file start_10.pdb (PDB, C-alpha atoms)
ATOM      1  CA  MET A   1      86.872  69.040  77.516  1.00  0.00           C
ATOM      2  CA  ALA A   2      85.270  70.727  74.518  1.00  0.00           C
ATOM      3  CA  ALA A   3      85.430  74.082  76.331  1.00  0.00           C
ATOM      4  CA  VAL A   4      89.133  73.594  77.090  1.00  0.00           C
ATOM      5  CA  GLN A   5      89.892  72.775  73.458  1.00  0.00           C
ATOM      6  CA  ALA A   6      87.926  75.806  72.290  1.00  0.00           C
ATOM      7  CA  LEU A   7      89.840  78.065  74.679  1.00  0.00           C
ATOM      8  CA  ASP A   8      93.162  76.593  73.603  1.00  0.00           C
ATOM      9  CA  SER A   9      92.268  77.223  69.972  1.00  0.00           C
ATOM     10  CA  LEU A  10      91.294  80.790  70.758  1.00  0.00           C
ATOM     11  CA  LEU A  11      94.566  81.485  72.568  1.00  0.00           C
ATOM     12  CA  ARG A  12      96.528  80.302  69.518  1.00  0.00           C
ATOM     13  CA  ASP A  13      94.652  82.662  67.219  1.00  0.00           C
ATOM     14  CA  PRO A  14      97.180  85.305  66.012  1.00  0.00           C
ATOM     15  CA  ARG A  15      94.370  87.857  65.787  1.00  0.00           C
ATOM     16  CA  LEU A  16      93.930  87.776  69.572  1.00  0.00           C
ATOM     17  CA  TRP A  17      95.438  90.826  71.268  1.00  0.00           C
ATOM     18  CA  ARG A  18      97.026  89.696  74.496  1.00  0.00           C
ATOM     19  CA  GLY A  19      97.974  93.123  75.790  1.00  0.00           C
ATOM     20  CA  GLN A  20     101.354  93.840  77.326  1.00  0.00           C
ATOM     21  CA  ASP A  21     102.770  93.692  80.793  1.00  0.00           C
ATOM     22  CA  ASN A  22     103.641  97.001  82.397  1.00  0.00           C
ATOM     23  CA  PRO A  23     107.208  97.935  81.440  1.00  0.00           C
ATOM     24  CA  PRO A  24     109.660  97.687  84.331  1.00  0.00           C
ATOM     25  CA  LEU A  25     110.305 100.895  86.196  1.00  0.00           C
ATOM     26  CA  PRO A  26     113.754 102.460  85.801  1.00  0.00           C
ATOM     27  CA  PRO A  27     116.006 101.915  88.833  1.00  0.00           C
ATOM     28  CA  SER A  28     115.415 104.400  91.616  1.00  0.00           C
ATOM     29  CA  ARG A  29     118.095 107.001  92.286  1.00  0.00           C
ATOM     30  CA  HIS A  30     117.116 107.061  95.954  1.00  0.00           C
ATOM     31  CA  ALA A  31     117.568 103.773  97.780  1.00  0.00           C
ATOM     32  CA  THR A  32     115.741 103.696 101.102  1.00  0.00           C
ATOM     33  CA  GLY A  33     118.783 102.380 102.939  1.00  0.00           C
ATOM     34  CA  PHE A  34     116.815  99.365 104.182  1.00  0.00           C
ATOM     35  CA  THR A  35     117.616  96.293 102.091  1.00  0.00           C
ATOM     36  CA  ALA A  36     114.349  94.465 102.705  1.00  0.00           C
ATOM     37  CA  LEU A  37     112.307  97.523 101.724  1.00  0.00           C
ATOM     38  CA  ASP A  38     114.407  98.226  98.628  1.00  0.00           C
ATOM     39  CA  ASP A  39     114.001  94.595  97.542  1.00  0.00           C
ATOM     40  CA  ALA A  40     110.224  94.855  97.918  1.00  0.00           C
ATOM     41  CA  LEU A  41     109.835  98.084  95.933  1.00  0.00           C
ATOM     42  CA  PRO A  42     109.489  97.805  92.131  1.00  0.00           C
ATOM     43  CA  ALA A  43     112.268 100.309  91.377  1.00  0.00           C
ATOM     44  CA  GLY A  44     114.564  99.192  94.190  1.00  0.00           C
ATOM     45  CA  GLY A  45     114.042 102.394  96.171  1.00  0.00           C
ATOM     46  CA  TRP A  46     111.772 105.387  96.610  1.00  0.00           C
ATOM     47  CA  PRO A  47     109.668 106.175  93.514  1.00  0.00           C
ATOM     48  CA  GLU A  48     111.044 108.997  91.441  1.00  0.00           C
ATOM     49  CA  ALA A  49     109.464 112.450  91.594  1.00  0.00           C
ATOM     50  CA  SER A  50     106.443 111.220  93.499  1.00  0.00           C
ATOM     51  CA  LEU A  51     104.516 111.563  96.712  1.00  0.00           C
ATOM     52  CA  VAL A  52     105.104 108.879  99.342  1.00  0.00           C
ATOM     53  CA  GLU A  53     102.446 108.581 102.035  1.00  0.00           C
ATOM     54  CA  ILE A  54     103.443 107.066 105.379  1.00  0.00           C
ATOM     55  CA  LEU A  55     100.579 106.147 107.708  1.00  0.00           C
ATOM     56  CA  PHE A  56     101.376 105.468 111.361  1.00  0.00           C
ATOM     57  CA  SER A  57      99.260 104.348 114.302  1.00  0.00           C
ATOM     58  CA  ALA A  58     101.286 106.239 116.936  1.00  0.00           C
ATOM     59  CA  ASP A  59     104.150 108.689 117.076  1.00  0.00           C
ATOM     60  CA  GLY A  60     107.666 107.332 117.424  1.00  0.00           C
ATOM     61  CA  LEU A  61     107.311 104.031 115.543  1.00  0.00           C
ATOM     62  CA  GLY A  62     110.269 104.879 113.331  1.00  0.00           C
ATOM     63  CA  GLU A  63     108.445 106.910 110.707  1.00  0.00           C
ATOM     64  CA  LEU A  64     111.357 109.332 110.393  1.00  0.00           C
ATOM     65  CA  SER A  65     113.897 106.521 110.539  1.00  0.00           C
ATOM     66  CA  LEU A  66     112.508 105.324 107.210  1.00  0.00           C
ATOM     67  CA  LEU A  67     113.864 108.468 105.591  1.00  0.00           C
ATOM     68  CA  LEU A  68     117.106 109.166 107.435  1.00  0.00           C
ATOM     69  CA  PRO A  69     119.442 107.227 105.094  1.00  0.00           C
ATOM     70  CA  THR A  70     117.944 108.935 102.050  1.00  0.00           C
ATOM     71  CA  LEU A  71     117.978 112.374 103.627  1.00  0.00           C
ATOM     72  CA  ALA A  72     121.594 111.892 104.692  1.00  0.00           C
ATOM     73  CA  ALA A  73     122.573 110.992 101.128  1.00  0.00           C
ATOM     74  CA  LEU A  74     120.694 113.973  99.683  1.00  0.00           C
ATOM     75  CA  SER A  75     122.260 116.423 102.123  1.00  0.00           C
ATOM     76  CA  SER A  76     125.717 115.023 101.381  1.00  0.00           C
ATOM     77  CA  ASP A  77     125.087 115.882  97.729  1.00  0.00           C
ATOM     78  CA  ASP A  78     124.264 119.465  98.774  1.00  0.00           C
ATOM     79  CA  ARG A  79     120.557 118.952  98.177  1.00  0.00           C
ATOM     80  CA  PRO A  80     118.387 120.902 100.653  1.00  0.00           C
ATOM     81  CA  VAL A  81     115.910 118.938 102.766  1.00  0.00           C
ATOM     82  CA  LEU A  82     112.792 120.897 103.745  1.00  0.00           C
ATOM     83  CA  VAL A  83     110.794 119.823 106.804  1.00  0.00           C
ATOM     84  CA  VAL A  84     107.403 121.566 106.878  1.00  0.00           C
ATOM     85  CA  ALA A  85     105.510 122.054 110.151  1.00  0.00           C
ATOM     86  CA  PRO A  86     106.827 119.042 112.094  1.00  0.00           C
ATOM     87  CA  PRO A  87     104.646 118.111 115.097  1.00  0.00           C
ATOM     88  CA  TYR A  88     107.694 118.093 117.389  1.00  0.00           C
ATOM     89  CA  ARG A  89     110.867 120.122 117.564  1.00  0.00           C
ATOM     90  CA  VAL A  90     113.575 118.713 115.320  1.00  0.00           C
ATOM     91  CA  TYR A  91     116.426 117.387 117.468  1.00  0.00           C
ATOM     92  CA  ALA A  92     119.366 118.368 115.300  1.00  0.00           C
ATOM     93  CA  PRO A  93     122.083 116.290 117.058  1.00  0.00           C
ATOM     94  CA  ALA A  94     120.214 113.050 116.338  1.00  0.00           C
ATOM     95  CA  TRP A  95     119.723 113.967 112.680  1.00  0.00           C
ATOM     96  CA  GLN A  96     123.394 114.850 112.441  1.00  0.00           C
ATOM     97  CA  ALA A  97     124.352 111.525 114.040  1.00  0.00           C
ATOM     98  CA  ALA A  98     122.320 109.798 111.322  1.00  0.00           C
ATOM     99  CA  GLY A  99     124.508 111.453 108.691  1.00  0.00           C
ATOM    100  CA  LEU A 100     122.596 114.583 107.719  1.00  0.00           C
ATOM    101  CA  GLN A 101     124.496 117.743 106.872  1.00  0.00           C
ATOM    102  CA  LEU A 102     122.678 120.245 109.070  1.00  0.00           C
ATOM    103  CA  SER A 103     123.554 123.068 106.685  1.00  0.00           C
ATOM    104  CA  GLN A 104     121.124 121.445 104.221  1.00  0.00           C
ATOM    105  CA  LEU A 105     118.312 120.918 106.743  1.00  0.00           C
ATOM    106  CA  HIS A 106     115.607 123.591 106.696  1.00  0.00           C
ATOM    107  CA  VAL A 107     112.599 123.618 109.019  1.00  0.00           C
ATOM    108  CA  LEU A 108     109.501 125.689 108.295  1.00  0.00           C
ATOM    109  CA  ASP A 109     106.823 126.304 110.924  1.00  0.00           C
ATOM    110  CA  ALA A 110     103.345 126.950 109.585  1.00  0.00           C
ATOM    111  CA  ASN A 111      99.674 126.396 110.348  1.00  0.00           C
ATOM    112  CA  PRO A 112      98.009 123.413 108.605  1.00  0.00           C
ATOM    113  CA  LYS A 113      96.647 125.417 105.666  1.00  0.00           C
ATOM    114  CA  ASP A 114      99.881 127.264 105.008  1.00  0.00           C
ATOM    115  CA  ALA A 115     101.892 124.066 105.483  1.00  0.00           C
ATOM    116  CA  LEU A 116     100.075 122.363 102.621  1.00  0.00           C
ATOM    117  CA  TRP A 117     100.665 125.391 100.414  1.00  0.00           C
ATOM    118  CA  ALA A 118     104.363 125.471 101.362  1.00  0.00           C
ATOM    119  CA  MET A 119     104.790 121.769 100.619  1.00  0.00           C
ATOM    120  CA  GLU A 120     103.156 122.141  97.224  1.00  0.00           C
ATOM    121  CA  GLN A 121     105.224 125.180  96.269  1.00  0.00           C
ATOM    122  CA  ALA A 122     108.511 123.621  97.384  1.00  0.00           C
ATOM    123  CA  LEU A 123     107.790 120.397  95.483  1.00  0.00           C
ATOM    124  CA  ARG A 124     106.736 122.270  92.369  1.00  0.00           C
ATOM    125  CA  ALA A 125     109.797 124.545  92.425  1.00  0.00           C
ATOM    126  CA  GLY A 126     112.195 121.599  92.305  1.00  0.00           C
ATOM    127  CA  CYS A 127     114.695 123.398  94.537  1.00  0.00           C
ATOM    128  CA  CYS A 128     114.884 120.721  97.255  1.00  0.00           C
ATOM    129  CA  GLY A 129     116.256 117.224  97.430  1.00  0.00           C
ATOM    130  CA  ALA A 130     113.144 116.184  99.376  1.00  0.00           C
ATOM    131  CA  VAL A 131     110.163 117.767 101.093  1.00  0.00           C
ATOM    132  CA  LEU A 132     108.642 116.311 104.278  1.00  0.00           C
ATOM    133  CA  GLY A 133     105.324 117.298 105.795  1.00  0.00           C
ATOM    134  CA  TRP A 134     102.527 116.255 108.132  1.00  0.00           C
ATOM    135  CA  PRO A 135      99.243 117.015 106.292  1.00  0.00           C
ATOM    136  CA  MET A 136      97.186 115.306 108.986  1.00  0.00           C
ATOM    137  CA  GLN A 137      93.809 116.505 107.719  1.00  0.00           C
ATOM    138  CA  ALA A 138      94.496 116.764 104.001  1.00  0.00           C
ATOM    139  CA  ASP A 139      91.724 115.732 101.631  1.00  0.00           C
ATOM    140  CA  ASP A 140      92.161 113.763  98.417  1.00  0.00           C
ATOM    141  CA  ASN A 141      92.383 116.933  96.353  1.00  0.00           C
ATOM    142  CA  SER A 142      95.208 118.312  98.505  1.00  0.00           C
ATOM    143  CA  LEU A 143      97.176 115.084  98.220  1.00  0.00           C
ATOM    144  CA  ARG A 144      96.633 115.003  94.472  1.00  0.00           C
ATOM    145  CA  ARG A 145      98.046 118.512  94.220  1.00  0.00           C
ATOM    146  CA  LEU A 146     101.117 117.374  96.148  1.00  0.00           C
ATOM    147  CA  GLN A 147     101.552 114.391  93.827  1.00  0.00           C
ATOM    148  CA  VAL A 148     101.290 116.615  90.739  1.00  0.00           C
ATOM    149  CA  ALA A 149     103.702 119.122  92.297  1.00  0.00           C
ATOM    150  CA  ALA A 150     106.226 116.343  92.984  1.00  0.00           C
ATOM    151  CA  GLU A 151     106.013 115.228  89.362  1.00  0.00           C
ATOM    152  CA  THR A 152     106.312 118.792  88.085  1.00  0.00           C
ATOM    153  CA  GLY A 153     109.336 119.655  90.205  1.00  0.00           C
ATOM    154  CA  GLN A 154     110.900 116.192  89.927  1.00  0.00           C
ATOM    155  CA  THR A 155     111.173 116.124  93.712  1.00  0.00           C
ATOM    156  CA  PRO A 156     110.243 113.341  96.142  1.00  0.00           C
ATOM    157  CA  GLY A 157     107.673 114.340  98.749  1.00  0.00           C
ATOM    158  CA  PHE A 158     106.909 112.479 101.965  1.00  0.00           C
ATOM    159  CA  ALA A 159     103.589 112.943 103.755  1.00  0.00           C
ATOM    160  CA  PHE A 160     103.146 111.564 107.280  1.00  0.00           C
ATOM    161  CA  ARG A 161      99.494 110.903 108.104  1.00  0.00           C
ATOM    162  CA  PRO A 162      97.491 109.136 110.839  1.00  0.00           C
ATOM    163  CA  MET A 163      96.325 105.558 110.367  1.00  0.00           C
ATOM    164  CA  GLY A 164      92.740 106.842 110.281  1.00  0.00           C
ATOM    165  CA  ALA A 165      93.410 107.968 106.688  1.00  0.00           C
ATOM    166  CA  LEU A 166      93.771 104.330 105.631  1.00  0.00           C
ATOM    167  CA  SER A 167      90.142 104.144 104.536  1.00  0.00           C
ATOM    168  CA  ASN A 168      90.597 107.072 102.142  1.00  0.00           C
ATOM    169  CA  PRO A 169      91.927 106.516  98.608  1.00  0.00           C
ATOM    170  CA  SER A 170      95.356 107.986  97.994  1.00  0.00           C
ATOM    171  CA  PRO A 171      96.923 109.407  94.813  1.00  0.00           C
ATOM    172  CA  ALA A 172     100.416 108.779  96.223  1.00  0.00           C
ATOM    173  CA  ALA A 173     102.719 106.564  94.150  1.00  0.00           C
ATOM    174  CA  LEU A 174     103.722 104.679  97.291  1.00  0.00           C
ATOM    175  CA  ARG A 175     101.768 104.148 100.488  1.00  0.00           C
ATOM    176  CA  LEU A 176     103.290 102.579 103.599  1.00  0.00           C
ATOM    177  CA  SER A 177     101.950 101.848 107.064  1.00  0.00           C
ATOM    178  CA  LEU A 178     103.606 101.499 110.465  1.00  0.00           C
ATOM    179  CA  ARG A 179     101.820  99.790 113.342  1.00  0.00           C
ATOM    180  CA  GLY A 180     102.755  98.085 116.573  1.00  0.00           C
ATOM    181  CA  THR A 181     105.158  99.389 119.196  1.00  0.00           C
ATOM    182  CA  ASP A 182     108.370 101.354 119.009  1.00  0.00           C
ATOM    183  CA  SER A 183     110.336  98.179 119.801  1.00  0.00           C
ATOM    184  CA  HIS A 184     108.448  95.993 117.301  1.00  0.00           C
ATOM    185  CA  PRO A 185     107.035  98.170 114.516  1.00  0.00           C
ATOM    186  CA  GLU A 186     105.304  96.463 111.595  1.00  0.00           C
ATOM    187  CA  LEU A 187     106.029  98.005 108.210  1.00  0.00           C
ATOM    188  CA  ARG A 188     103.753  97.188 105.283  1.00  0.00           C
ATOM    189  CA  ILE A 189     103.516  98.346 101.702  1.00  0.00           C
ATOM    190  CA  LEU A 190      99.884  99.188 101.047  1.00  0.00           C
ATOM    191  CA  LYS A 191     100.250 100.474  97.504  1.00  0.00           C
ATOM    192  CA  CYS A 192     103.143 100.819  95.094  1.00  0.00           C
ATOM    193  CA  ARG A 193     103.142 101.978  91.517  1.00  0.00           C
ATOM    194  CA  GLY A 194     104.402  99.338  89.111  1.00  0.00           C
ATOM    195  CA  ALA A 195     103.649  96.184  91.103  1.00  0.00           C
ATOM    196  CA  LEU A 196     101.305  94.557  93.554  1.00  0.00           C
ATOM    197  CA  PRO A 197     102.250  95.193  97.190  1.00  0.00           C
ATOM    198  CA  PRO A 198     103.646  92.182  99.061  1.00  0.00           C
ATOM    199  CA  SER A 199     101.233  90.469 101.406  1.00  0.00           C
ATOM    200  CA  ARG A 200     103.714  90.172 104.265  1.00  0.00           C
ATOM    201  CA  PRO A 201     105.246  92.869 106.478  1.00  0.00           C
ATOM    202  CA  ILE A 202     108.693  94.196 105.592  1.00  0.00           C
ATOM    203  CA  PRO A 203     111.452  93.555 108.171  1.00  0.00           C
ATOM    204  CA  PHE A 204     112.274  96.944 109.654  1.00  0.00           C
ATOM    205  CA  HIS A 205     114.493  98.002 112.542  1.00  0.00           C
ATOM    206  CA  PRO A 206     114.327 101.752 113.089  1.00  0.00           C
ATOM    207  CA  TYR A 207     117.103 103.937 114.363  1.00  0.00           C
ATOM    208  CA  PRO A 208     117.035 104.981 118.032  1.00  0.00           C
ATOM    209  CA  ARG A 209     114.569 107.752 118.818  1.00  0.00           C
ATOM    210  CA  HIS A 210     115.439 111.116 117.325  1.00  0.00           C
TER     211      HIS A 210
END
call {"tool": "encode", "arguments": {"input": "start_10.pdb", "output": "structure tokens"}}
result
Amino acid sequence: MAAVQALDSLLRDPRLWRGQDNPPLPPSRHATGFTALDDALPAGGWPEASLVEILFSADGLGELSLLLPTLAALSSDDRPVLVVAPPYRVYAPAWQAAGLQLSQLHVLDANPKDALWAMEQALRAGCCGAVLGWPMQADDNSLRRLQVAAETGQTPGFAFRPMGALSNPSPAALRLSLRGTDSHPELRILKCRGALPPSRPIPFHPYPRH
């Protein structure tokens, strides 16, 4: 009881610095298009001018579906979308059916080393609405350069990486994971700037395969 009274007295002392909570993040300009995910993210959408890392356990779990509403909105605003070294050929009709203006979709083929360089330069230049890439074997330094480039160019970047990278620390402002099967994918927020990630999966129903 004496300890409780002493603590209560200490907390009432005006000389005690209590610190401050982190200020709320400004609302995102880029909603994800998935209500449950937007509600779970601190800014109500993709973080501004940042790198988003999406880890997936197998191809085709809906990793691209996560971005299609945002990419469609960006292309409709005449903002170019750059896709760097995709592992499969982009099927333009499916992207168009999801609302993308194909005139704003640009695909760049490159080897892994050049792809990282191209992603960094495009993010830093600030000439794109978004930059997507698959830096499958990127180290922490490479990802940090992408994060800094996104901040410099005020451009969102999206990096798709294998689930094996989960054990590595990430400088990305937002880190998501997709596991399970293509019919029942499990989406989780692993890390998000400005708040603690929710402990439960996020309801997610991807678009048909593209």
call {"tool": "resolve_selection", "arguments": {"input": "start_10.pdb", "expression": "the PyMOL selection byres ((chain A and resi 139) around 12)", "output": "list in words"}}
result
Lys113, Leu116, Pro135, Met136, Gln137, Ala138, Asp140, Asn141, Ser142, Leu143, Arg144, Arg145, Leu146, Arg161, Ala165, Asn168, Pro169, Ser170 and Pro171 of chain A
call {"tool": "residues_around", "arguments": {"input": "start_10.pdb", "residues": "segment 34-38 of chain A", "least_positions_apart": "3", "cutoff": "7 Å", "atoms": "only C-alpha atoms", "output": "PyMOL selection string"}}
result
chain A and resi 31+41+44-45+202-203
call {"tool": "closest_residue", "arguments": {"input": "start_10.pdb", "among": "A:Ala125, A:Ala73, A:Ala98, A:Val131", "to": "Phe158 of chain A", "atoms": "only C-alpha atoms"}}
result
A:Val131
call {"tool": "atom_distance", "arguments": {"input": "start_10.pdb", "atom1": "atom CA of Ala110 of chain A", "atom2": "atom CA of Val84 of chain A"}}
result
7.3 Å
call {"tool": "residues_around", "arguments": {"input": "start_10.pdb", "residues": "Leu61 of chain A", "least_positions_apart": "5", "cutoff": "8 Å", "atoms": "all atoms listed in the file", "output": "number ranges by chain"}}
result
A: 56, 178-183, 185, 206
call {"tool": "closest_residue", "arguments": {"input": "start_10.pdb", "among": "A:Ala149, A:Ala130, A:Ala58, A:Glu63", "to": "Asp78 of chain A", "atoms": "only C-alpha atoms"}}
result
A:Ala130
call {"tool": "closest_residue", "arguments": {"input": "start_10.pdb", "among": "A:Leu190, A:Val81, A:Cys127, A:Val52", "to": "His106 of chain A", "atoms": "only C-alpha atoms"}}
result
A:Val81
call {"tool": "decode", "arguments": {"input": "start_10.pdb", "residues": "segment 13-80 of chain A", "atoms": "C-alpha atoms", "output": "CSV table (one decimal), in the first residue's frame"}}
result
chain,number,residue,atom,x,y,z
A,13,ASP,CA,4.3,15.8,-9.2
A,14,PRO,CA,4.2,18.6,-11.9
A,15,ARG,CA,8.0,18.2,-12.3
A,16,LEU,CA,7.5,14.7,-13.8
A,17,TRP,CA,7.9,14.7,-17.6
A,18,ARG,CA,5.3,12.3,-19.0
A,19,GLY,CA,6.4,12.5,-22.6
A,20,GLN,CA,3.9,12.7,-25.4
A,21,ASP,CA,2.1,10.3,-27.6
A,22,ASN,CA,3.1,10.1,-31.2
A,23,PRO,CA,1.1,12.7,-33.2
A,24,PRO,CA,-1.5,11.2,-35.5
A,25,LEU,CA,-0.4,10.7,-39.0
A,26,PRO,CA,-2.1,12.9,-41.7
A,27,PRO,CA,-4.7,11.1,-43.7
A,28,SER,CA,-3.3,9.1,-46.6
A,29,ARG,CA,-3.9,10.3,-50.1
A,30,HIS,CA,-3.9,6.7,-51.4
A,31,ALA,CA,-6.6,4.5,-50.0
A,32,THR,CA,-5.9,0.8,-50.6
A,33,GLY,CA,-9.4,0.2,-51.9
A,34,PHE,CA,-9.9,-2.5,-49.2
A,35,THR,CA,-12.0,-1.2,-46.3
A,36,ALA,CA,-10.7,-3.6,-43.7
A,37,LEU,CA,-7.1,-2.8,-44.6
A,38,ASP,CA,-7.7,1.0,-44.7
A,39,ASP,CA,-9.3,0.8,-41.3
A,40,ALA,CA,-6.3,-1.1,-39.8
A,41,LEU,CA,-3.7,1.3,-41.2
A,42,PRO,CA,-2.8,4.4,-39.1
A,43,ALA,CA,-3.3,6.9,-41.9
A,44,GLY,CA,-6.3,5.1,-43.4
A,45,GLY,CA,-4.4,4.0,-46.5
A,46,TRP,CA,-0.9,3.5,-47.9
A,47,PRO,CA,1.8,5.4,-46.1
A,48,GLU,CA,2.9,8.6,-47.9
A,49,ALA,CA,6.2,8.6,-49.8
A,50,SER,CA,7.4,5.4,-48.3
A,51,LEU,CA,8.4,1.9,-49.1
A,52,VAL,CA,5.8,-0.9,-48.6
A,53,GLU,CA,7.2,-4.4,-48.3
A,54,ILE,CA,4.8,-7.3,-49.2
A,55,LEU,CA,6.0,-10.7,-48.2
A,56,PHE,CA,4.2,-13.7,-49.8
A,57,SER,CA,4.6,-17.5,-49.3
A,58,ALA,CA,3.7,-18.4,-52.8
A,59,ASP,CA,2.9,-16.7,-56.1
A,60,GLY,CA,-0.7,-15.8,-56.9
A,61,LEU,CA,-2.0,-15.2,-53.4
A,62,GLY,CA,-3.3,-11.8,-54.4
A,63,GLU,CA,-0.2,-9.8,-53.9
A,64,LEU,CA,-0.9,-7.7,-57.0
A,65,SER,CA,-4.6,-7.4,-56.1
A,66,LEU,CA,-3.6,-5.4,-53.0
A,67,LEU,CA,-2.4,-2.6,-55.3
A,68,LEU,CA,-4.8,-2.7,-58.2
A,69,PRO,CA,-7.4,-0.2,-56.8
A,70,THR,CA,-4.6,2.3,-56.0
A,71,LEU,CA,-2.8,1.8,-59.3
A,72,ALA,CA,-6.1,2.3,-61.1
A,73,ALA,CA,-6.7,5.6,-59.3
A,74,LEU,CA,-3.2,6.8,-60.0
A,75,SER,CA,-3.4,6.0,-63.7
A,76,SER,CA,-6.7,7.8,-63.9
A,77,ASP,CA,-5.0,10.9,-62.6
A,78,ASP,CA,-2.4,10.5,-65.4
A,79,ARG,CA,0.3,9.3,-63.0
A,80,PRO,CA,2.6,6.8,-64.5
